[in-house]
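To start, the structure itself, in C-alpha cells.
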Amino acid sequence: MAQATDRLQRYLEDELGECRSEDLECRLDELDALGETFGTARVETELDVLSALANETRYALVRVLVAAGEELCVCELNAVVDVSESGLSHALSNLVDAGLVDSRKDGRWKKYRATNRAVALVTVLEGSVSDE
C-alpha cells in the first residue's frame with residue numbers, strides 16, 4: 001500500500017504542482033469512499049450474472065427468452081439449443097440462480113421467462129455492439 005500511496009503522491013504533485021499530506025489524505029478518503037460504493041457481495045453477485053452469460057448455451061437461452069417476451073416451455077427451449085436434456089436443465093438452473101430467468105411449474109411442464117435483469121443486460125449488449 002505504501003508504494004501505491006507514494007505513486008498517488010507523485011501523481012498529485014504533478015497535477016496540483018505540490019502535494020501536502022492533507023491533499024494526499026483527502027484524496028485517499030475520496031478513493032476509499034468510491035471503493036465503498038460497491039461491496040464484495042455486490043461484486044460477487046454481478047460476477048455470477050456475467051459468468052452465467054459467459055457460456056454459449058446459456059447466453060442463447062437468455063437471448064431467446066428475451067426475444068420471445070413470454071414464457072417458453074422447456075421443450076420449446078430444447079428445440080432451440082442443441083444440448084442434451086440434462087445440459088439444458090443445468091444451463092437453465094444456472095440462469096435461474098443468477099436471477100436472469102424465472103421458472104414455474106405448469107402441470108407437468110416447466111416454463112421459463114426472462115427476468116427484467118436479463119432484458120436490461122441484453123438491451124445494453126445490443127446497444128454496445130455494432131454490426132460490422
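Labeling convention for the C-alpha cells: chains A, B, ... as they appear, residues from 1 per chain, ligands from 1 in order of appearance.
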Can you list, as a CSV table (one decimal) with C-alpha atoms, in the first residue's frame, every protein, DNA or RNA residue that comes within 6 Å of stretch 110-113 of chain A when you count only C-alpha atoms, leaving out same-chain residues fewer than 6 positions away?
```
chain,number,residue,atom,x,y,z
A,65,LEU,CA,-36.3,-15.8,-23.8
A,71,GLU,CA,-42.9,-17.8,-21.1
A,72,LEU,CA,-41.5,-20.7,-23.1
A,73,CYS,CA,-41.8,-24.4,-22.2
A,74,VAL,CA,-38.6,-26.3,-21.6
A,101,VAL,CA,-34.6,-16.4,-15.7
A,102,ASP,CA,-37.7,-17.2,-13.7
A,103,SER,CA,-39.3,-20.6,-13.8
A,104,ARG,CA,-42.6,-22.1,-12.8
```
Residues within 8 Å of stretch 49-64 of chain A, only C-alpha atoms, excluding chain neighbours under 3 positions, as a PyMOL selection string
chain A and resi 45-46+67-68+77+81+83+91-92+94-95+98-101+114+118+122
Saved selection, atoms kept: N, CA, C and O atoms, as a compact mmCIF listing (two decimals), in the first residue's frame:
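Wrote it out as result03.txt, contents follow:
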```txt
# COMPACT_ATOMS: atom_id res chain seq x y z
N THR A 45 -22.11 -11.00 -6.79
CA THR A 45 -23.38 -11.21 -7.46
C THR A 45 -23.30 -10.81 -8.93
O THR A 45 -23.77 -11.54 -9.81
N GLU A 46 -22.69 -9.65 -9.20
CA GLU A 46 -22.55 -9.20 -10.58
C GLU A 46 -21.68 -10.15 -11.38
O GLU A 46 -21.97 -10.44 -12.55
N ALA A 67 -36.14 -12.34 -26.47
CA ALA A 67 -36.79 -12.10 -27.77
C ALA A 67 -38.24 -12.57 -27.76
O ALA A 67 -39.11 -11.93 -28.35
N ALA A 68 -38.50 -13.69 -27.09
CA ALA A 68 -39.86 -14.23 -27.04
C ALA A 68 -40.80 -13.29 -26.30
O ALA A 68 -41.97 -13.14 -26.67
N LEU A 77 -37.61 -24.64 -25.60
CA LEU A 77 -36.20 -24.22 -25.49
C LEU A 77 -35.27 -25.32 -25.97
O LEU A 77 -34.24 -25.04 -26.58
N VAL A 81 -31.87 -24.93 -28.72
CA VAL A 81 -30.45 -25.16 -28.44
C VAL A 81 -30.11 -26.63 -28.62
O VAL A 81 -30.92 -27.50 -28.32
N VAL A 83 -28.42 -29.13 -27.17
CA VAL A 83 -27.78 -29.74 -26.00
C VAL A 83 -28.69 -30.86 -25.48
O VAL A 83 -29.87 -30.91 -25.80
N ALA A 91 -28.13 -25.67 -17.58
CA ALA A 91 -27.99 -24.29 -18.05
C ALA A 91 -29.12 -23.41 -17.50
O ALA A 91 -28.88 -22.30 -17.02
N LEU A 92 -30.34 -23.91 -17.55
CA LEU A 92 -31.47 -23.15 -17.03
C LEU A 92 -31.37 -22.95 -15.52
O LEU A 92 -31.70 -21.87 -15.01
N ASN A 94 -28.60 -22.68 -13.81
CA ASN A 94 -27.61 -21.62 -13.61
C ASN A 94 -28.21 -20.24 -13.87
O ASN A 94 -27.92 -19.28 -13.15
N LEU A 95 -29.04 -20.14 -14.89
CA LEU A 95 -29.67 -18.86 -15.22
C LEU A 95 -30.68 -18.43 -14.15
O LEU A 95 -30.77 -17.24 -13.83
N ALA A 98 -28.71 -17.16 -11.21
CA ALA A 98 -28.13 -15.84 -11.47
C ALA A 98 -29.19 -14.74 -11.55
O ALA A 98 -28.85 -13.58 -11.70
N GLY A 99 -30.46 -15.12 -11.45
CA GLY A 99 -31.53 -14.12 -11.49
C GLY A 99 -31.84 -13.62 -12.89
O GLY A 99 -32.45 -12.57 -13.06
N LEU A 100 -31.45 -14.38 -13.90
CA LEU A 100 -31.70 -13.97 -15.28
C LEU A 100 -32.97 -14.60 -15.86
O LEU A 100 -33.51 -14.12 -16.85
N VAL A 101 -33.43 -15.67 -15.23
CA VAL A 101 -34.59 -16.41 -15.71
C VAL A 101 -35.43 -16.81 -14.51
O VAL A 101 -34.90 -17.18 -13.46
N ALA A 114 -37.65 -14.70 -19.19
CA ALA A 114 -36.52 -13.81 -18.89
C ALA A 114 -36.94 -12.81 -17.82
O ALA A 114 -38.07 -12.32 -17.83
N ALA A 118 -32.36 -9.73 -17.13
CA ALA A 118 -31.91 -10.29 -18.41
C ALA A 118 -32.26 -9.36 -19.56
O ALA A 118 -31.43 -9.13 -20.45
N VAL A 122 -29.39 -7.68 -21.99
CA VAL A 122 -29.41 -7.91 -23.44
C VAL A 122 -29.58 -6.59 -24.18
O VAL A 122 -28.92 -6.35 -25.20
```
Chain A: residues DSSP assigns to helix (DSSP H, G or I), reported as a ChimeraX atom specification
/A:2-16,21-35,40-53,56-68,74-80,85-97,116-128
With only C-alpha atoms as the counted atoms, please give the residues lying no more than 12 Å from stretch 21-26 of chain A, apart from itself and same-chain residues fewer than 3 positions off, as an NGL selection string.
:A and (4-13 or 15-18 or 29-33)
Give me, as a list in words, the residues of chain A that a backbone DSSP run labels strand (DSSP E).
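Output for chain A, strand (DSSP E) only: Leu72, Cys73, Val101, Asp102, Ser103, Arg104, Lys105, Asp106, Trp109, Lys110, Lys111, Tyr112, Arg113 and Ala114 of chain A.
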When you draw a straight line from atom CA of A:Ala120 to atom CA of A:Val66, how long is it in Å?
9.4 Å
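If you look at atom CA of A:Cys75 and atom CA of A:Leu88, they are 9.8 Å away from each other.
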